[in-house]
Each structure stands twice: as structure tokens, then as C-alpha cells.
Amino acid sequence: MRPVIMQVFRHSEQTLKRALISKNPALVSQYEKLDAREQQLMKEAFQPTSDLYGPIILQSQSDWIISHPEAPQDFEQFFSNPYRKIPSPEKHSIYLLAIGSLGNTRVISEEYTKWLKGYCEAFFYGMNVKLLEPISVSATRCSFRVNDHTRNLQIHAGHILKFLKKKKPEDAFCVVGVTMIDLYPRDSWNFVFGQASLTDGVGIFSFARYGSDFYSSHYKGTVKKLHKKSSNDYAIFDNYFIPEITSVLLLRSCKTLSHEIGHIFGLRHCQWLTCLMQGSNHLEEADRRPLNLCPICLRKLQCAIGFNIAERYKALVRWIDDADTPRATPKPSCEDNVHLPKPVEAFQDWKE
């Protein structure tokens, strides 16, 4: 168990105001064009008694800010970054690609992908979000292994990024692969939750470790020995274990997906306030991250996409409220007619 140290990472009101608004006259003028309600929300960033946004609280020496020191990024630095990827009318689509199954049946896997698509449409309000046809692990031709510590299957993140780059559609702002299989970036690393290439606009993210029993001794995804006839033998993935779809798993998946796509838009790890864009070094820290962007990161994303902030929040609430909407076009088979309500219980506190 990690020691609780409860260190509060707090900035002055003046520092937060400068990080949000800037001293650059052009950016100040841009900020002043936000409507009154939008500015009222943004000003919560530097209100000491705000109920919406508080200071970052560090609870462990292994928390991200302590173990990965990096310079903070204010709005002006984000705006002025010459290497930042900017959506254009020609490249205005976020593509999601499921690699391997995301559920224990085809229907569950398809529904899970659609839930993620709907969340991305609301979170990145104004962007097109499209689904590519799901593929098997073998289609990527990636390397794979059994992790020495957990004994679970892992696929090589870097090889999948190269595959995604080749498959990127013409109108893609980015292509993001999602999988329920654990990832590793290189042989010397234990694992990685995800990996992205900002210049290429591709990313791969795994939800495997977000299952409720991944770290327990009775986890059913363990592999005693890897029997592989050749480097092209992917048969072991035919019946690999997939965790049960729960509300907490969906919440964690939505957080990871929106955080990592945020990086592709040029948002660096947030060090200003409690925020979805905070870095996380372990699952406890990832769970402490809110679904919300802080006002500084929200302004960055709003600047990149151009959405109306209130309309974006309405879309996010609609995604939660649409949990029980049946599928519009049921198919003839018995399995396909099963109604799968979206498990959004874990999102209700944020909605309120």
C-alpha cells in the first residue's frame, strides 16, 4: 500500500489567471470574446473557494508530478506551439479502431466501441468520430509476449503504432487503437497503459488493467506458458480472457481515451488544478483524476476545436442520459437483439 502524504500542489490566483488568460493582448482579446457564461465558468479556475476545481493533491511519492518532473504548459505556450496538430476541414475526423475483441461476445464488443465513440463525440464536441472495422491482433503483425510478472499476454505498442500510421484515412486528424490486451513498449519495460505518436497522429491504448481483478491472484487472463509455432502464430489470442464490462471499466476507459487524444491535440500534462489531463503513474492516481478538464485545459481544447462550451457539456450529459436508449436497428439474430444498457452509474457523481 502506498503511503499517504497529502501534499497540496497549489498555485496563486495571479499565476492561474495568467496561465488561463495570458498577458498577450491578442490572446486576452480572444478570451474576452467568450460569452458571459463561458467566462464565468473559466473564472472558477482562480476562485479559492471554487466547488468545481481544486488544487492537485499528491498522495504518494510515486504520483506523476513527483516522479516525472516537467514544465507546466499555460494557454499561451499551447497556442504558440509550432508543432501542435490543428484540425482542418480536410482532416477533422477522429478514428477509433478495436484491436481484438472488447467484450466476451461480438455484440458486447460492438456496443462497447459505440459507447466510446459516443463519449468522444461529446468530449471532442465538433469533431467527427468514426469507427474503423475491428481487426484481429494477427492483422497488425505485431510482436507479443507473456509478461514475466503478471503472466498475461501483451502486444507491442510500437509495432501497432506503425500499423496504424499505414492505415490512417485521408480525412483523419488521428487514429486511435483500443484493446483489452495489455501493452508493452519495449522488451525492457514491464507494461504501458498506452502510447502515441503526436507527429503521426496515432495512438494505442489498453483497458486490460482497468478490469476489477487484473492484479489479483485469481485473474483468469494468466498464461502459464507461451506455445508459439512461429512468430506468425497468433492462435493464442483466439480465446484470450476479456474482463467483465462494468461501469467502472467504462469510466476508466473514457478517461484514458479522452486524456490520450487530448495529448494528440497538443495538451500536455496539467499541473494547474485537478484535471483529466493530470499525469498518472498508477491506477489509484488515474482513479483520482476527474472526468473534467480544468478551465486552462478546457480553453486549450476549445481553441483547437472551436466548440461552444455550454453545448459541449450538454452533449456530455446527453451521453449519460442516453444510457437506456435501445439500439436503433436491431438485427435478425437472437444474440444481436439483446439490449445492452450503457453502464453509466460511475458517471453520475460527475453529472450532478
# chains A, B, ... in the order shown; residues from 1 in each chain; ligands from 1
>>> residues_around(residues="stretch 183-200 of chain A", least_positions_apart="4", cutoff="6 Å", atoms="only C-alpha atoms", output="JSON, numbers by chain")
{"A": [154, 155, 156, 157, 158, 204, 205, 206, 264]}
>>> select_by_dssp(residues="stretch 19-160 of chain A", states="strand (DSSP E)", output="PDB file with C-alpha atoms, in the first residue's frame")
ATOM      1  CA  ILE A  56      -3.894  18.996  -7.124  1.00  0.00           C
ATOM      2  CA  ILE A  57      -3.444  16.759  -4.080  1.00  0.00           C
ATOM      3  CA  LEU A  58      -0.457  14.417  -4.085  1.00  0.00           C
ATOM      4  CA  SER A  93     -12.116  13.063 -38.014  1.00  0.00           C
ATOM      5  CA  ILE A  94     -11.057  11.020 -35.015  1.00  0.00           C
ATOM      6  CA  TYR A  95     -10.981   7.323 -35.942  1.00  0.00           C
ATOM      7  CA  LEU A  96     -11.319   4.529 -33.376  1.00  0.00           C
ATOM      8  CA  LEU A  97     -10.133   1.012 -34.155  1.00  0.00           C
ATOM      9  CA  ALA A  98     -10.790  -2.001 -31.906  1.00  0.00           C
ATOM     10  CA  ASN A 128     -16.299  13.808 -36.455  1.00  0.00           C
ATOM     11  CA  VAL A 129     -15.725  10.473 -34.713  1.00  0.00           C
ATOM     12  CA  LYS A 130     -15.736   7.374 -36.908  1.00  0.00           C
ATOM     13  CA  LEU A 131     -15.238   3.663 -36.350  1.00  0.00           C
ATOM     14  CA  PHE A 144       3.758 -10.285 -28.444  1.00  0.00           C
ATOM     15  CA  ARG A 145       4.852 -11.963 -25.244  1.00  0.00           C
ATOM     16  CA  VAL A 146       3.732 -13.208 -21.831  1.00  0.00           C
ATOM     17  CA  LEU A 153      -0.491 -11.674 -22.785  1.00  0.00           C
ATOM     18  CA  GLN A 154       0.975  -8.412 -24.055  1.00  0.00           C
ATOM     19  CA  ILE A 155       1.262  -6.889 -27.530  1.00  0.00           C
ATOM     20  CA  HIS A 156       3.971  -4.494 -28.731  1.00  0.00           C
TER      21      HIS A 156
END
>>> residues_around(residues="stretch 231-246 of chain A", least_positions_apart="4", cutoff="8 Å", atoms="only C-alpha atoms", output="PyMOL selection string")
chain A and resi 101-104+137-138+141+143+180+208+211-212+220-221+227+250+343
>>> residues_around(residues="stretch 46-52 of chain A", least_positions_apart="4", cutoff="7 Å", atoms="only C-alpha atoms", output="list in words")
Glu13, Leu16 and Lys17 of chain A
>>> select_by_dssp(residues="stretch 236-322 of chain A", states="helix (DSSP H, G or I)", output="ChimeraX atom specification")
/A:236-237,247-264,283-288,295-305,309-322
>>> closest_residue(among="A:Lys43, A:Lys168, A:Lys91, A:His259", to="A:Arg299", atoms="only C-alpha atoms")
A:Lys43
